[in-house]
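Participant: Got a structure here, written out as C-alpha cells. Questions coming.
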Amino acid sequence: MNAADSRDQALSLLTAALNHADLAVKLSSLKQAKDILSSLDSSSAVDLFPYVADLQRSPHTLVRKFLLEIIEDIGLRTIEHSSVLVPVLVAFLRDVDSDVVKQSIVTGTHFFCCVLEEMTLQFQQHGKVDQWVQELWMWMVGFKEGVFSIALQPGPIGIKLLALKFLETYVLLFTSDNVYYEKFEATRGSRRTFNISWLSGGHPMLDPVALASDANRTLCVFLDMLQPASSLPGAVTITIVNCSLLRS
C-alpha cells in the first residue's frame, strides 16, 4: 500500500472513530489509525493531524484518552508539525473525566520537556528559534499554568499527584544545581536532558533568571501547602516533601 492509500485509509478510520455509533468500532478504528499514522512519514501524516485533533469532540472517555496516546506517539516524533495537536493537551486539563485529565498531564509533561529542549538547542545551534517552536512554547506555558491551578485546587487525589509531579519536574528543570537532570527518553531514541546553564549565553524567549525565580516561587507554594499538612492526603504530602528534598 502506497502512502496515499495509507493516508486515505487512516482518514476513513479516524472518521469512523468520531462518528460511528458503536464504541467498540470507534476504539478498533483508532488503534488501526494509530498504527497507520505511526508508519507514515511526517509529510504524509501531517495532513491528518486536524482530523486527529477533532477527536477531542468525542463524548466517549476511552476515545479521548486514546487520542492523547496517539498525540504523544505521533506528536513527539513530528514535533515540528504538532501545533494543531498540542492545544488538545491544554483543553483536556479541564476534561470532566479524571482519567483524561491524568493522561493529559502525563503526555503534556513529555511535550513540555521536548519543546523546552528544542527551543534551547535551536538557538544554540542556529542563533534563532523557529516560529513553530515559539508557538508550541506559548502553549506549554499555558499548560504549565493549567497544571499549577490543578495542584492548588481541591480535586481527585490521582490528578493532584500527577499535577505535583509535573511541577516537581518544572522546579528541577530550572534549578541550577541539578546539573544533569534527565527527564525522559523520547521516541526519537535519544536520552533527552536539559540544564538551565544552557541558557547562560542568552535566549530570545527563555530568561534563566525569571525561570529560576518562578521555579523557586513554585517550591515556596509547595512548602506553604505543607503548613496544614494534617489536612493533606498522605501521598500528596510525600510528593511535596520529595520535591522539596530534591530541590534543597
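Just remember, in the C-alpha cells the first chain shown is A, the second B, etc., residues are 1-based per chain, and ligands are 1-based in the order shown.
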What's around region 120-135 of chain A at 12 Å? Count only C-alpha atoms, leave out sequence neighbours fewer than 4 positions away in its own chain, and write the answer as a VMD selection string.

Facilitator: chain A and resid 78 to 84 86 to 87 111 to 116 139 to 142 192 to 208

Participant: List the spatial neighbours of region 48-56 of chain A as a compact mmCIF listing (two decimals) with C-alpha atoms, in the first residue's frame - criterion: any atom at most 6 Å away, only C-alpha atoms, same-chain residues fewer than 4 positions off excluded.

Facilitator:
```txt
# COMPACT_ATOMS: atom_id res chain seq x y z
CA LEU A 18 -15.52 10.02 15.61
CA ARG A 64 -10.47 10.95 24.31
CA LEU A 85 -2.27 18.71 18.44
```

Participant: One number please: CA of Leu76 (chain A) to CA of Lys26 (chain A), in Å, one decimal.

Facilitator: 23.7 Å

Participant: If we count only C-alpha atoms, what is near Thr107 (chain A) at a cut-off of 10 Å, once residues fewer than 4 positions away on the same chain are taken out, given as a list in words?

Facilitator: Leu68, Glu69, Ile70, Ile71, Glu72, Asp73, Leu76, Val86, Leu89, Val101, Lys102, Gln103, Phe111 and Phe112 of chain A

Participant: Produce a file of the selected residues containing N, CA and C atoms, as a PDB file, in the first residue's frame.

Facilitator:
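Result file part09.pdb:
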```
ATOM      1  N   LEU A  68      -5.095  10.971  23.341  1.00  0.00           N
ATOM      2  CA  LEU A  68      -3.882  11.511  23.946  1.00  0.00           C
ATOM      3  C   LEU A  68      -2.686  10.589  23.713  1.00  0.00           C
ATOM      4  N   GLU A  69      -2.926   9.294  23.731  1.00  0.00           N
ATOM      5  CA  GLU A  69      -1.844   8.356  23.446  1.00  0.00           C
ATOM      6  C   GLU A  69      -1.362   8.505  21.996  1.00  0.00           C
ATOM      7  N   ILE A  70      -2.304   8.726  21.087  1.00  0.00           N
ATOM      8  CA  ILE A  70      -1.933   8.932  19.686  1.00  0.00           C
ATOM      9  C   ILE A  70      -1.131  10.231  19.539  1.00  0.00           C
ATOM     10  N   ILE A  71      -1.604  11.276  20.212  1.00  0.00           N
ATOM     11  CA  ILE A  71      -0.905  12.565  20.137  1.00  0.00           C
ATOM     12  C   ILE A  71       0.528  12.434  20.631  1.00  0.00           C
ATOM     13  N   GLU A  72       0.713  11.703  21.714  1.00  0.00           N
ATOM     14  CA  GLU A  72       2.083  11.530  22.212  1.00  0.00           C
ATOM     15  C   GLU A  72       2.926  10.722  21.222  1.00  0.00           C
ATOM     16  N   ASP A  73       2.341   9.696  20.670  1.00  0.00           N
ATOM     17  CA  ASP A  73       3.090   8.823  19.766  1.00  0.00           C
ATOM     18  C   ASP A  73       3.520   9.554  18.500  1.00  0.00           C
ATOM     19  N   LEU A  76       5.371  13.654  19.264  1.00  0.00           N
ATOM     20  CA  LEU A  76       6.763  13.771  19.680  1.00  0.00           C
ATOM     21  C   LEU A  76       7.722  13.360  18.572  1.00  0.00           C
ATOM     22  N   VAL A  86      -1.118  20.032  20.113  1.00  0.00           N
ATOM     23  CA  VAL A  86      -0.791  20.463  21.475  1.00  0.00           C
ATOM     24  C   VAL A  86      -1.950  21.181  22.179  1.00  0.00           C
ATOM     25  N   LEU A  89      -3.990  19.100  24.561  1.00  0.00           N
ATOM     26  CA  LEU A  89      -3.461  18.816  25.897  1.00  0.00           C
ATOM     27  C   LEU A  89      -3.950  19.852  26.904  1.00  0.00           C
ATOM     28  N   VAL A 101      -7.868  13.719  32.207  1.00  0.00           N
ATOM     29  CA  VAL A 101      -7.033  14.779  32.774  1.00  0.00           C
ATOM     30  C   VAL A 101      -5.665  14.220  33.152  1.00  0.00           C
ATOM     31  N   LYS A 102      -5.642  13.066  33.767  1.00  0.00           N
ATOM     32  CA  LYS A 102      -4.363  12.463  34.169  1.00  0.00           C
ATOM     33  C   LYS A 102      -3.491  12.149  32.959  1.00  0.00           C
ATOM     34  N   GLN A 103      -4.088  11.578  31.917  1.00  0.00           N
ATOM     35  CA  GLN A 103      -3.307  11.274  30.726  1.00  0.00           C
ATOM     36  C   GLN A 103      -2.815  12.548  30.055  1.00  0.00           C
ATOM     37  N   PHE A 111       5.749  16.559  26.360  1.00  0.00           N
ATOM     38  CA  PHE A 111       5.833  17.634  25.366  1.00  0.00           C
ATOM     39  C   PHE A 111       6.572  18.843  25.935  1.00  0.00           C
ATOM     40  N   PHE A 112       6.315  19.179  27.179  1.00  0.00           N
ATOM     41  CA  PHE A 112       6.962  20.329  27.794  1.00  0.00           C
ATOM     42  C   PHE A 112       8.478  20.183  27.726  1.00  0.00           C
TER      43      PHE A 112
END
```

Participant: Measuring atom to atom with only C-alpha atoms, identify which of A:Gln32, A:Thr175, A:Thr218, A:Ser58 is nearest to Val147 (chain A).

Facilitator: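 Under the stated criterion, the closest residue is A:Thr218.
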